>>> print(open('work11.cif').read())   # mmCIF, C-alpha atoms
data_structure
#
loop_
_atom_site.label_atom_id
_atom_site.label_comp_id
_atom_site.auth_asym_id
_atom_site.auth_seq_id
_atom_site.Cartn_x
_atom_site.Cartn_y
_atom_site.Cartn_z
CA MET A 1 0.00 0.00 0.00
CA THR A 2 -1.47 1.46 1.31
CA SER A 3 -0.05 5.83 4.08
CA VAL A 4 0.78 12.80 6.76
CA LEU A 5 1.10 16.06 7.36
CA ALA A 6 -2.32 17.30 6.33
CA THR A 7 -5.85 17.03 7.64
CA GLY A 8 -7.62 13.81 8.54
CA ALA A 9 -10.27 11.91 6.68
CA LEU A 10 -12.70 14.37 5.17
CA THR A 11 -15.52 13.85 2.77
CA LEU A 12 -16.00 15.88 -0.36
CA THR A 13 -19.48 16.72 -1.57
CA ALA A 14 -18.64 15.89 -5.16
CA CYS A 15 -16.29 12.95 -4.57
CA GLY A 16 -16.28 10.56 -7.47
CA SER A 17 -17.72 13.13 -9.84
CA ARG A 18 -16.12 14.12 -13.10
CA SER A 19 -15.95 17.10 -15.35
CA ASP A 20 -18.82 17.53 -17.77
CA ASP A 21 -16.29 18.64 -20.36
CA LYS A 22 -15.53 15.22 -21.75
CA GLY A 23 -12.77 14.65 -24.30
CA SER A 24 -13.80 13.38 -27.68
CA GLY A 25 -11.01 10.88 -28.24
CA ASP A 26 -11.23 11.83 -31.93
CA SER A 27 -8.26 10.28 -33.70
CA SER A 28 -8.27 13.03 -36.30
CA ALA A 29 -8.01 15.87 -33.79
CA SER A 30 -4.85 17.85 -34.38
CA THR A 31 -2.74 18.62 -31.36
CA GLY A 32 -0.79 21.32 -33.07
CA THR A 33 -0.50 24.59 -31.20
CA GLY A 34 -2.44 26.42 -33.87
CA GLY A 35 -5.66 24.36 -33.70
CA ALA A 36 -8.29 23.36 -31.17
CA LYS A 37 -6.99 21.41 -28.22
CA THR A 38 -7.73 17.75 -27.65
CA THR A 39 -8.96 16.77 -24.19
CA VAL A 40 -7.27 13.74 -22.64
CA VAL A 41 -8.63 12.36 -19.36
CA ILE A 42 -6.65 10.58 -16.66
CA GLY A 43 -8.78 8.40 -14.42
CA VAL A 44 -8.24 8.14 -10.67
CA ASP A 45 -9.56 5.24 -8.62
CA ALA A 46 -9.25 5.43 -4.82
CA PRO A 47 -11.39 5.37 -1.67
CA LEU A 48 -12.67 8.94 -1.60
CA THR A 49 -15.22 8.38 1.15
CA GLY A 50 -15.34 6.10 4.17
CA ALA A 51 -12.47 3.82 5.14
CA ASN A 52 -9.02 4.94 3.95
CA SER A 53 -10.43 8.16 2.47
CA ALA A 54 -7.69 10.37 3.94
CA THR A 55 -5.04 8.62 1.85
CA GLY A 56 -7.41 8.15 -1.08
CA LEU A 57 -8.08 11.86 -1.33
CA GLY A 58 -4.34 12.49 -1.20
CA ILE A 59 -4.03 10.37 -4.33
CA GLN A 60 -6.84 12.21 -6.13
CA TYR A 61 -5.42 15.65 -5.51
CA GLY A 62 -1.84 14.58 -6.15
CA VAL A 63 -2.99 13.70 -9.67
CA GLN A 64 -5.03 16.90 -9.94
CA ILE A 65 -2.00 19.07 -9.20
CA ALA A 66 0.09 17.19 -11.78
CA VAL A 67 -2.62 17.73 -14.40
CA ASP A 68 -2.98 21.42 -13.53
CA ASP A 69 0.80 21.85 -13.77
CA ALA A 70 0.93 20.11 -17.16
CA ASN A 71 -1.83 22.33 -18.52
CA ALA A 72 -0.32 25.53 -17.11
CA LYS A 73 3.12 24.71 -18.54
CA ASN A 74 1.70 23.38 -21.82
CA LEU A 75 3.80 20.23 -21.41
CA VAL A 76 1.94 18.56 -24.27
CA PRO A 77 1.13 21.24 -26.87
CA GLY A 78 -2.40 20.94 -28.20
CA VAL A 79 -3.61 18.76 -25.30
CA THR A 80 -5.68 19.69 -22.26
CA PHE A 81 -5.58 17.09 -19.49
CA LYS A 82 -8.48 16.50 -17.12
CA VAL A 83 -9.15 14.19 -14.19
CA LYS A 84 -12.01 11.73 -13.74
CA ALA A 85 -12.05 10.48 -10.14
CA LEU A 86 -14.15 7.51 -9.03
CA ASP A 87 -14.67 6.31 -5.46
CA ASP A 88 -13.95 2.60 -4.94
CA LYS A 89 -14.79 2.74 -1.19
CA ALA A 90 -11.84 0.35 -0.67
CA GLN A 91 -14.02 -2.44 -2.12
CA PRO A 92 -12.65 -4.77 -4.86
CA ALA A 93 -16.04 -5.14 -6.59
CA THR A 94 -16.46 -1.36 -6.80
CA GLY A 95 -12.93 -0.99 -8.09
CA GLN A 96 -13.67 -3.45 -10.87
CA GLN A 97 -16.79 -1.49 -11.81
CA ASN A 98 -14.74 1.70 -11.91
CA ALA A 99 -12.10 0.07 -14.11
CA THR A 100 -14.83 -0.97 -16.51
CA ALA A 101 -16.22 2.57 -16.55
CA PHE A 102 -12.78 3.95 -17.39
CA VAL A 103 -12.10 1.59 -20.29
CA GLN A 104 -15.55 2.23 -21.75
CA ASP A 105 -14.99 5.99 -21.68
CA ASN A 106 -13.16 6.91 -24.88
CA SER A 107 -11.79 10.09 -23.35
CA VAL A 108 -9.85 8.20 -20.65
CA ILE A 109 -6.37 7.20 -21.73
CA ALA A 110 -4.97 5.76 -18.48
CA SER A 111 -5.66 5.48 -14.76
CA VAL A 112 -3.87 6.23 -11.50
CA GLY A 113 -4.70 4.01 -8.52
CA PRO A 114 -6.01 2.16 -6.69
CA LEU A 115 -4.88 2.65 -3.09
CA ASN A 116 -5.47 -0.92 -1.88
CA SER A 117 -3.71 -4.01 -3.23
CA GLY A 118 -6.88 -6.06 -2.80
CA VAL A 119 -8.77 -3.66 -5.04
CA ALA A 120 -5.99 -3.81 -7.61
CA THR A 121 -6.40 -7.56 -8.03
CA SER A 122 -9.95 -6.99 -9.25
CA MET A 123 -8.94 -4.26 -11.72
CA GLN A 124 -5.80 -5.52 -13.43
CA GLN A 125 -7.46 -7.85 -15.95
CA VAL A 126 -9.97 -5.17 -16.98
CA PHE A 127 -7.21 -2.71 -17.84
CA ALA A 128 -5.06 -5.39 -19.48
CA THR A 129 -7.88 -6.43 -21.80
CA ALA A 130 -8.24 -2.82 -22.93
CA ASN A 131 -4.47 -2.26 -23.18
CA MET A 132 -4.85 0.65 -20.76
CA VAL A 133 -2.08 1.80 -18.44
CA GLU A 134 -2.76 1.55 -14.71
CA ILE A 135 -0.20 3.08 -12.32
CA SER A 136 -0.67 2.67 -8.59
CA PRO A 137 1.12 5.09 -6.26
CA SER A 138 0.52 2.86 -3.25
CA ASN A 139 -0.01 -0.87 -3.97
CA THR A 140 2.74 -2.87 -2.29
CA ASN A 141 1.76 -6.55 -2.60
CA PRO A 142 4.56 -8.24 -4.61
CA ALA A 143 2.22 -10.64 -6.45
CA LEU A 144 0.65 -7.76 -8.40
CA THR A 145 3.77 -7.38 -10.51
CA GLN A 146 5.69 -10.62 -9.99
CA GLY A 147 2.93 -13.23 -9.84
CA PRO A 148 1.63 -15.50 -7.06
CA LYS A 149 4.84 -17.54 -6.84
CA TRP A 150 7.17 -14.56 -6.42
CA ASN A 151 8.35 -15.73 -2.99
CA THR A 152 9.60 -19.04 -4.42
CA GLY A 153 11.85 -17.28 -6.91
CA THR A 154 9.42 -17.72 -9.80
CA GLU A 155 8.78 -14.12 -10.83
CA VAL A 156 6.44 -13.70 -13.78
CA ARG A 157 4.76 -10.41 -14.66
CA PRO A 158 0.99 -11.04 -14.92
CA PHE A 159 -0.01 -7.80 -16.70
CA LYS A 160 2.17 -5.54 -18.84
CA THR A 161 -0.32 -2.68 -18.36
CA TYR A 162 0.19 -2.49 -14.58
CA PHE A 163 2.87 -0.28 -13.00
CA ARG A 164 3.51 1.22 -9.58
CA THR A 165 5.57 4.06 -8.16
CA ALA A 166 5.65 2.52 -4.65
CA THR A 167 8.07 -0.24 -3.69
CA THR A 168 6.78 -3.61 -2.51
CA ASP A 169 6.09 -5.35 0.79
CA ALA A 170 8.96 -7.72 0.07
CA LYS A 171 11.13 -4.71 0.87
CA GLN A 172 8.84 -3.01 3.40
CA GLY A 173 8.22 -6.06 5.58
CA GLY A 174 11.91 -6.89 5.72
CA PHE A 175 12.86 -3.28 6.44
CA ALA A 176 10.44 -3.24 9.39
CA ALA A 177 11.66 -6.59 10.73
CA ASP A 178 15.28 -5.47 10.54
CA TYR A 179 14.46 -2.25 12.41
CA ALA A 180 12.47 -4.10 15.06
CA ALA A 181 15.18 -6.69 15.71
CA ASN A 182 18.38 -4.75 15.22
CA THR A 183 17.49 -1.17 16.17
CA LEU A 184 14.65 -1.55 18.67
CA LYS A 185 16.21 -4.80 19.97
CA LYS A 186 12.77 -6.40 20.28
CA LYS A 187 12.84 -10.11 21.11
CA SER A 188 9.19 -11.16 20.83
CA ALA A 189 6.46 -9.98 18.45
CA PHE A 190 2.73 -10.69 18.27
CA VAL A 191 1.59 -10.49 14.63
CA VAL A 192 -1.94 -9.51 13.57
CA ASP A 193 -3.46 -8.84 10.14
CA ASP A 194 -6.83 -7.80 8.69
CA LYS A 195 -7.14 -10.78 6.31
CA GLN A 196 -6.92 -8.47 3.29
CA THR A 197 -4.44 -8.87 0.41
CA TYR A 198 -2.21 -6.04 1.58
CA GLY A 199 -2.38 -6.59 5.33
CA ALA A 200 -2.05 -10.37 5.36
CA GLY A 201 0.80 -10.28 2.85
CA LEU A 202 2.76 -7.65 4.75
CA ALA A 203 2.27 -9.38 8.11
CA ALA A 204 3.45 -12.71 6.68
CA ILE A 205 6.62 -11.14 5.32
CA PHE A 206 7.37 -9.39 8.61
CA LYS A 207 6.79 -12.62 10.52
CA ASP A 208 9.15 -14.57 8.26
CA LYS A 209 11.91 -11.94 8.31
CA PHE A 210 11.66 -11.26 12.07
CA SER A 211 11.92 -14.98 12.80
CA GLY A 212 14.91 -15.21 10.47
CA LEU A 213 16.64 -12.53 12.51
CA GLY A 214 16.21 -14.54 15.71
CA GLY A 215 12.99 -12.94 16.90
CA LYS A 216 10.27 -14.97 18.58
CA ILE A 217 6.71 -14.92 17.27
CA ALA A 218 4.70 -14.82 20.50
CA GLY A 219 1.40 -15.34 18.72
CA THR A 220 -0.68 -14.51 15.66
CA ASP A 221 -4.28 -13.48 15.07
CA HIS A 222 -6.60 -11.90 12.53
CA VAL A 223 -9.25 -9.18 12.66
CA ASN A 224 -12.00 -8.11 10.32
CA THR A 225 -12.06 -4.72 8.66
CA GLY A 226 -14.66 -2.60 10.38
CA ASP A 227 -14.22 -4.25 13.79
CA THR A 228 -14.30 -1.87 16.76
CA ASP A 229 -14.05 -4.13 19.82
CA TYR A 230 -10.62 -5.72 20.25
CA ASN A 231 -10.94 -6.90 23.87
CA THR A 232 -10.29 -10.56 23.01
CA LEU A 233 -7.27 -9.67 20.89
CA VAL A 234 -5.85 -7.42 23.61
CA THR A 235 -6.17 -10.24 26.14
CA LYS A 236 -4.22 -12.59 23.84
CA ILE A 237 -1.47 -10.04 23.29
CA LYS A 238 -1.21 -9.31 27.01
CA SER A 239 -0.93 -13.01 27.84
CA SER A 240 1.75 -13.55 25.20
CA LYS A 241 4.22 -11.20 26.95
CA ALA A 242 5.27 -9.87 23.53
CA ASP A 243 7.32 -6.67 23.53
CA LEU A 244 6.03 -5.57 20.10
CA LEU A 245 2.75 -5.79 18.21
CA TYR A 246 3.08 -5.90 14.43
CA TYR A 247 -0.08 -5.10 12.50
CA GLY A 248 -0.70 -5.67 8.79
CA GLY A 249 -3.61 -3.50 7.70
CA GLN A 250 -4.97 0.04 7.51
CA TYR A 251 -5.13 2.87 10.04
CA ASP A 252 -8.90 2.48 10.54
CA GLU A 253 -8.43 -0.63 12.68
CA ALA A 254 -4.88 0.00 13.92
CA GLU A 255 -5.82 3.27 15.62
CA LEU A 256 -8.46 1.48 17.71
CA ILE A 257 -6.27 -1.53 18.48
CA THR A 258 -3.47 0.59 19.91
CA LYS A 259 -5.91 2.68 21.93
CA GLN A 260 -7.55 -0.38 23.52
CA LEU A 261 -4.17 -2.08 24.00
CA LYS A 262 -2.74 0.84 25.98
CA ALA A 263 -5.98 1.25 27.94
CA ALA A 264 -5.50 -2.35 29.14
CA GLY A 265 -2.06 -1.49 30.42
CA VAL A 266 -0.12 -3.18 27.60
CA ASN A 267 2.44 -0.50 26.89
CA ILE A 268 4.20 -1.97 23.88
CA PRO A 269 4.54 -0.22 20.53
CA LEU A 270 2.29 -1.07 17.60
CA PHE A 271 4.35 -1.29 14.41
CA GLY A 272 2.67 -1.30 11.01
CA GLY A 273 3.12 -0.52 7.34
CA ASP A 274 2.22 2.40 5.10
CA GLY A 275 -1.47 1.53 5.48
CA MET A 276 -1.45 3.09 8.97
CA PHE A 277 0.91 5.95 8.15
CA SER A 278 -1.59 8.79 8.31
CA ASP A 279 -2.26 11.75 10.57
CA THR A 280 -5.72 10.27 11.08
CA TYR A 281 -4.12 7.39 13.00
CA ILE A 282 -2.66 9.79 15.57
CA GLN A 283 -5.75 11.99 15.73
CA THR A 284 -8.01 9.03 16.54
CA ALA A 285 -5.68 7.07 18.82
CA GLY A 286 -4.62 10.20 20.70
CA PRO A 287 -1.90 9.78 23.37
CA ALA A 288 -2.05 5.98 22.93
CA ALA A 289 -0.27 6.38 19.58
CA GLU A 290 2.85 7.83 21.22
CA GLY A 291 5.84 5.61 20.43
CA ASP A 292 4.06 3.60 17.72
CA LEU A 293 5.85 3.03 14.43
CA ALA A 294 5.11 2.65 10.73
CA THR A 295 7.09 2.10 7.57
CA SER A 296 6.22 3.98 4.42
CA VAL A 297 7.52 4.12 0.88
CA GLY A 298 10.13 6.67 -0.08
CA VAL A 299 11.56 9.40 2.11
CA PRO A 300 9.58 12.18 3.83
CA VAL A 301 8.11 14.32 1.07
CA THR A 302 8.72 17.44 3.17
CA THR A 303 12.48 16.84 2.92
CA LEU A 304 12.52 16.68 -0.88
CA PRO A 305 13.37 19.99 -2.58
CA ALA A 306 11.46 19.00 -5.73
CA ALA A 307 8.25 18.51 -3.73
CA GLN A 308 8.10 21.89 -2.02
CA THR A 309 6.01 23.61 -4.71
CA PHE A 310 3.66 20.63 -4.72
CA ILE A 311 3.19 20.87 -0.94
CA GLN A 312 2.58 24.62 -1.10
CA THR A 313 0.01 24.16 -3.86
CA TYR A 314 -1.80 21.38 -1.96
CA LYS A 315 -2.04 23.55 1.14
CA SER A 316 -3.00 26.75 -0.68
CA LYS A 317 -5.81 24.97 -2.54
CA GLY A 318 -7.16 23.63 0.74
CA TYR A 319 -7.37 20.10 -0.63
CA PRO A 320 -8.52 17.44 1.87
CA GLY A 321 -6.67 14.23 2.63
CA ASP A 322 -3.09 13.31 3.49
CA TYR A 323 -0.69 14.56 0.83
CA GLY A 324 2.36 13.27 2.69
CA THR A 325 1.53 9.60 2.24
CA TYR A 326 1.11 9.04 -1.50
CA GLY A 327 0.56 12.54 -2.88
CA GLY A 328 4.06 12.77 -4.33
CA TYR A 329 3.89 9.29 -5.85
CA SER A 330 0.47 10.11 -7.34
CA TYR A 331 1.87 13.29 -8.88
CA ASP A 332 4.74 11.27 -10.37
CA ALA A 333 2.40 8.53 -11.65
CA ALA A 334 0.28 11.13 -13.45
CA THR A 335 3.44 12.77 -14.82
CA ALA A 336 4.58 9.43 -16.25
CA ILE A 337 1.26 9.21 -18.10
CA ILE A 338 1.49 12.82 -19.30
CA LYS A 339 5.04 12.37 -20.57
CA GLY A 340 3.97 9.11 -22.19
CA VAL A 341 1.13 10.85 -24.03
CA LYS A 342 3.62 13.38 -25.39
CA ALA A 343 5.87 10.57 -26.63
CA VAL A 344 2.93 8.88 -28.36
CA ILE A 345 1.86 12.10 -30.06
CA ASP A 346 5.41 12.99 -31.11
CA ALA A 347 5.80 9.54 -32.70
CA ASN A 348 2.50 9.99 -34.57
CA GLY A 349 3.25 13.19 -36.42
CA GLY A 350 1.88 15.50 -33.75
CA LYS A 351 -1.54 13.88 -33.52
CA LEU A 352 -3.16 11.65 -30.94
CA PRO A 353 -4.00 8.24 -32.46
CA ALA A 354 -7.42 6.63 -32.14
CA ILE A 355 -8.06 5.80 -28.49
CA SER A 356 -7.46 2.04 -28.72
CA ASP A 357 -4.17 2.62 -30.52
CA ALA A 358 -3.20 5.47 -28.21
CA ARG A 359 -3.77 3.36 -25.11
CA ALA A 360 -1.68 0.49 -26.46
CA LYS A 361 1.18 2.78 -27.48
CA LEU A 362 1.06 4.47 -24.07
CA VAL A 363 1.85 1.16 -22.38
CA ASP A 364 5.19 1.04 -24.18
CA ALA A 365 5.85 4.74 -23.54
CA VAL A 366 5.26 4.42 -19.79
CA GLN A 367 7.50 1.34 -19.63
CA LYS A 368 10.31 3.55 -20.97
CA SER A 369 9.76 6.29 -18.34
CA ASP A 370 13.01 7.80 -17.10
CA PHE A 371 12.79 11.14 -15.32
CA ASP A 372 13.25 12.81 -11.96
CA GLY A 373 9.89 13.16 -10.22
CA ILE A 374 9.02 15.15 -7.13
CA ALA A 375 9.26 12.03 -4.93
CA GLY A 376 12.36 10.54 -6.56
CA HIS A 377 13.52 9.10 -9.86
CA VAL A 378 10.77 7.50 -11.94
CA SER A 379 11.51 4.42 -14.01
CA PHE A 380 10.16 0.87 -14.09
CA ASP A 381 11.85 -2.51 -14.21
CA GLN A 382 10.79 -5.54 -16.28
CA TYR A 383 7.94 -6.27 -13.86
CA GLY A 384 6.49 -2.74 -13.84
CA ASP A 385 7.92 -2.10 -10.37
CA THR A 386 9.53 1.19 -9.50
CA THR A 387 13.31 1.26 -9.42
CA ASN A 388 13.07 3.63 -6.42
CA LYS A 389 13.38 1.27 -3.42
CA GLN A 390 13.67 3.91 -0.67
CA LEU A 391 11.75 3.29 2.58
CA THR A 392 11.39 5.17 5.87
CA VAL A 393 10.51 4.16 9.42
CA TYR A 394 8.42 6.77 11.26
CA GLN A 395 7.64 6.95 14.96
CA VAL A 396 4.98 8.98 16.77
CA LYS A 397 6.81 11.56 18.84
CA SER A 398 4.99 14.35 20.67
CA GLY A 399 1.84 13.64 18.67
CA LYS A 400 3.46 13.72 15.21
CA TRP A 401 5.04 11.24 12.82
CA ALA A 402 8.82 11.72 12.92
CA PRO A 403 11.20 9.94 10.51
CA VAL A 404 13.71 7.82 12.42
CA LYS A 405 15.40 5.85 9.64
CA SER A 406 15.49 5.95 5.84
CA GLY A 407 17.21 3.53 3.52
CA THR A 408 16.77 0.46 1.35
CA TYR A 409 16.38 -3.21 2.22
CA ASN A 410 18.35 -5.84 0.35
CA GLY A 411 17.72 -8.89 2.52
#
>>> encode(input="work11.cif", output="structure tokens")
Amino acid sequence: MTSVLATGALTLTACGSRSDDKGSGDSSASTGTGGAKTTVVIGVDAPLTGANSATGLGIQYGVQIAVDDANAKNLVPGVTFKVKALDDKAQPATGQQNATAFVQDNSVIASVGPLNSGVATSMQQVFATANMVEISPSNTNPALTQGPKWNTGTEVRPFKTYFRTATTDAKQGGFAADYAANTLKKKSAFVVDDKQTYGAGLAAIFKDKFSGLGGKIAGTDHVNTGDTDYNTLVTKIKSSKADLLYYGGQYDEAELITKQLKAAGVNIPLFGGDGMFSDTYIQTAGPAAEGDLATSVGVPVTTLPAAQTFIQTYKSKGYPGDYGTYGGYSYDAATAIIKGVKAVIDANGGKLPAISDARAKLVDAVQKSDFDGIAGHVSFDQYGDTTNKQLTVYQVKSGKWAPVKSGTYNG
């Protein structure tokens, strides 16, 4: 995934709506600077309401700023880019419906999203059938790019249309385990997940790597998304005498687990992945979050010189959501699409091909991406994975997420 420096989860009255000014997708439309401009739409799929909406909105508006910048700078002469955002509510079935809506809309050339790896599994085939590029700024499950047998050394790319600007849980889970064992010097961990593709996968990787480093797994358990009463789980963790709780899942459940855990007198840190790396986690958990930890992809966006204008724009526009989690990666994903569109047009005599042809050619153009984005260098390997493997461990200190270690994991 799925994760901080902005407001919490807010709803938007027009979430999931789109502009009425729909592009024609007319293959004969000239994109020369002297004629009428062609409208090209970039889809966005993310949870814009309900669970995970803080990070979902950060994705939507990260793309919006990239599109506005491209239009203002006339990055693709003769083309006006627009955004069509659809709310998947963090539900795979809804994500699949949204993917279908995008491919059936002849103005949409590519899509950014989704937030959740579980939703991505329901969308990949839809986009692949239509030869449409899908770039996720947040999916981290390794199987999405390397196939279900990736952990046995059999890495096969399932869909050439799928890319991501976030590194995978194979790196994130190991990075967290290494930090827990070698920096925090934790000896015993209780591991919990939410039974979802992202959470269960991340927890399993942490468990394997932590054990490999000599750590003891004091116990394991599962929760359901939407649960609010964790009394039974807290009792198990307390009895296990673990000195760390590792949680694979989103902030919606993690913020309640840590609050109930501390209320029961179990003062051990909760450590999770990018799915819980959100200001909303701290706001809901309150003082109970102090000392908790999370890994997230990349390095803190606030420390990146190239991202400062993006941050200022996000704040000045008053956009809702957490821009610090995936906003920069969403901006870069949209930029890869925009640059790809320019390459397709340049190779076609200055005109946008018919939509089916344009989509197919864009797949090859995005695969060849090679530029410096606002969140790091953007390029993709043979699996569609980002070549940017940077990760950061954050800890809640004085009510705020503070970076404590950045680096890469090669274990």
>>> resolve_selection(input="work11.cif", expression="the PyMOL selection byres ((chain A and resi 187) around 12)", output="VMD selection string")
chain A and resid 177 to 186 188 to 190 210 to 218 241 to 245
>>> write_last_selection(input="work11.cif", atoms="C-alpha atoms", output="PDB file, keeping the file's coordinate frame")
ATOM      1  CA  ALA A 177      11.660  -6.590  10.730  1.00  0.00           C
ATOM      2  CA  ASP A 178      15.280  -5.470  10.540  1.00  0.00           C
ATOM      3  CA  TYR A 179      14.460  -2.250  12.410  1.00  0.00           C
ATOM      4  CA  ALA A 180      12.470  -4.100  15.060  1.00  0.00           C
ATOM      5  CA  ALA A 181      15.180  -6.690  15.710  1.00  0.00           C
ATOM      6  CA  ASN A 182      18.380  -4.750  15.220  1.00  0.00           C
ATOM      7  CA  THR A 183      17.490  -1.170  16.170  1.00  0.00           C
ATOM      8  CA  LEU A 184      14.650  -1.550  18.670  1.00  0.00           C
ATOM      9  CA  LYS A 185      16.210  -4.800  19.970  1.00  0.00           C
ATOM     10  CA  LYS A 186      12.770  -6.400  20.280  1.00  0.00           C
ATOM     11  CA  SER A 188       9.190 -11.160  20.830  1.00  0.00           C
ATOM     12  CA  ALA A 189       6.460  -9.980  18.450  1.00  0.00           C
ATOM     13  CA  PHE A 190       2.730 -10.690  18.270  1.00  0.00           C
ATOM     14  CA  PHE A 210      11.660 -11.260  12.070  1.00  0.00           C
ATOM     15  CA  SER A 211      11.920 -14.980  12.800  1.00  0.00           C
ATOM     16  CA  GLY A 212      14.910 -15.210  10.470  1.00  0.00           C
ATOM     17  CA  LEU A 213      16.640 -12.530  12.510  1.00  0.00           C
ATOM     18  CA  GLY A 214      16.210 -14.540  15.710  1.00  0.00           C
ATOM     19  CA  GLY A 215      12.990 -12.940  16.900  1.00  0.00           C
ATOM     20  CA  LYS A 216      10.270 -14.970  18.580  1.00  0.00           C
ATOM     21  CA  ILE A 217       6.710 -14.920  17.270  1.00  0.00           C
ATOM     22  CA  ALA A 218       4.700 -14.820  20.500  1.00  0.00           C
ATOM     23  CA  LYS A 241       4.220 -11.200  26.950  1.00  0.00           C
ATOM     24  CA  ALA A 242       5.270  -9.870  23.530  1.00  0.00           C
ATOM     25  CA  ASP A 243       7.320  -6.670  23.530  1.00  0.00           C
ATOM     26  CA  LEU A 244       6.030  -5.570  20.100  1.00  0.00           C
ATOM     27  CA  LEU A 245       2.750  -5.790  18.210  1.00  0.00           C
TER      28      LEU A 245
END
>>> resolve_selection(input="work11.cif", expression="the PyMOL selection byres ((chain A and resi 174) around 7)", output="PyMOL selection string")
chain A and resi 170-173+175-178+205-206+209+409+411
>>> resolve_selection(input="work11.cif", expression="the PyMOL selection byres ((chain A and resi 264) around 12)", output="PyMOL selection string")
chain A and resi 230-239+257-263+265-268+288
>>> closest_atom_pairs(input="work11.cif", of="region 42-105 of chain A", to="region 368-381 of chain A", cutoff="12 Å", atoms="only C-alpha atoms", output="JSON lines")
{"residue": "A:Gly62", "atom": "CA", "partner": "A:Ile374", "partner_atom": "CA", "distance": 10.9}
{"residue": "A:Ile65", "atom": "CA", "partner": "A:Ile374", "partner_atom": "CA", "distance": 11.9}
{"residue": "A:Ala66", "atom": "CA", "partner": "A:Ile374", "partner_atom": "CA", "distance": 10.3}
>>> atom_distance(input="work11.cif", atom1="CA of Ala46 (chain A)", atom2="CA of Gly113 (chain A)")
6.0 Å
>>> residues_around(input="work11.cif", residues="Asn131 (chain A)", least_positions_apart="2", cutoff="9 Å", atoms="all atoms listed in the file", output="list in words")
Val126, Phe127, Ala128, Thr129, Val133, Lys160, Thr161, Ser356, Asp357, Arg359, Ala360, Lys361, Leu362 and Val363 of chain A
>>> residues_around(input="work11.cif", residues="Arg157 (chain A)", least_positions_apart="6", cutoff="9 Å", atoms="all atoms listed in the file", output="list in words")
Ala143, Leu144, Thr145, Gln146, Gly147, Gln382, Tyr383 and Gly384 of chain A
>>> atom_distance(input="work11.cif", atom1="CA of Leu202 (chain A)", atom2="CA of Pro148 (chain A)")
14.2 Å
>>> atom_distance(input="work11.cif", atom1="CA of Asp105 (chain A)", atom2="CA of Tyr329 (chain A)")
24.9 Å
>>> closest_residue(input="work11.cif", among="A:Gly43, A:Gly318, A:Pro77, A:Pro158", to="Ile109 (chain A)", atoms="all atoms listed in the file")
A:Gly43
>>> closest_residue(input="work11.cif", among="A:Asp252, A:Asp364, A:Asp88, A:Asp227", to="Phe277 (chain A)", atoms="all atoms listed in the file")
A:Asp252
>>> closest_residue(input="work11.cif", among="A:Asn141, A:Thr165, A:Asn106, A:Asn116", to="Ala334 (chain A)", atoms="only C-alpha atoms")
A:Thr165
>>> residues_around(input="work11.cif", residues="Tyr246 (chain A)", least_positions_apart="2", cutoff="9 Å", atoms="all atoms listed in the file", output="list in words")
Ala189, Phe190, Val191, Val192, Asp193, Ala203, Phe206, Lys207, Leu244, Gly248, Pro269, Leu270, Phe271, Gly272 and Gly273 of chain A
>>> closest_residue(input="work11.cif", among="A:Thr168, A:Asn151, A:Ser398, A:Asn224", to="Asp208 (chain A)", atoms="all atoms listed in the file")
A:Asn151
>>> residues_around(input="work11.cif", residues="Thr408 (chain A)", least_positions_apart="5", cutoff="7 Å", atoms="all atoms listed in the file", output="PyMOL selection string")
chain A and resi 389-391
>>> residues_around(input="work11.cif", residues="Ser122 (chain A)", least_positions_apart="4", cutoff="9 Å", atoms="only C-alpha atoms", output="list in words")
Pro92, Ala93, Thr94, Gly95, Gln96, Ala99, Gly118 and Val126 of chain A
>>> decode(input="work11.cif", residues="region 256-263 of chain A", atoms="N, CA and C atoms", output="PDB file, in the first residue's frame")
ATOM      1  N   LEU A 256      -7.619   1.957  16.611  1.00  0.00           N
ATOM      2  CA  LEU A 256      -8.460   1.476  17.707  1.00  0.00           C
ATOM      3  C   LEU A 256      -7.752   0.385  18.501  1.00  0.00           C
ATOM      4  N   ILE A 257      -6.999  -0.459  17.798  1.00  0.00           N
ATOM      5  CA  ILE A 257      -6.271  -1.528  18.482  1.00  0.00           C
ATOM      6  C   ILE A 257      -5.269  -0.944  19.466  1.00  0.00           C
ATOM      7  N   THR A 258      -4.482   0.039  19.013  1.00  0.00           N
ATOM      8  CA  THR A 258      -3.468   0.592  19.912  1.00  0.00           C
ATOM      9  C   THR A 258      -4.103   1.320  21.091  1.00  0.00           C
ATOM     10  N   LYS A 259      -5.220   1.957  20.852  1.00  0.00           N
ATOM     11  CA  LYS A 259      -5.908   2.679  21.932  1.00  0.00           C
ATOM     12  C   LYS A 259      -6.415   1.711  23.000  1.00  0.00           C
ATOM     13  N   GLN A 260      -7.022   0.609  22.571  1.00  0.00           N
ATOM     14  CA  GLN A 260      -7.548  -0.376  23.517  1.00  0.00           C
ATOM     15  C   GLN A 260      -6.425  -1.167  24.182  1.00  0.00           C
ATOM     16  N   LEU A 261      -5.326  -1.372  23.454  1.00  0.00           N
ATOM     17  CA  LEU A 261      -4.175  -2.077  23.999  1.00  0.00           C
ATOM     18  C   LEU A 261      -3.560  -1.287  25.156  1.00  0.00           C
ATOM     19  N   LYS A 262      -3.349   0.005  24.946  1.00  0.00           N
ATOM     20  CA  LYS A 262      -2.740   0.844  25.980  1.00  0.00           C
ATOM     21  C   LYS A 262      -3.696   1.029  27.163  1.00  0.00           C
ATOM     22  N   ALA A 263      -4.991   1.087  26.865  1.00  0.00           N
ATOM     23  CA  ALA A 263      -5.979   1.246  27.941  1.00  0.00           C
ATOM     24  C   ALA A 263      -5.978   0.034  28.870  1.00  0.00           C
TER      25      ALA A 263
END
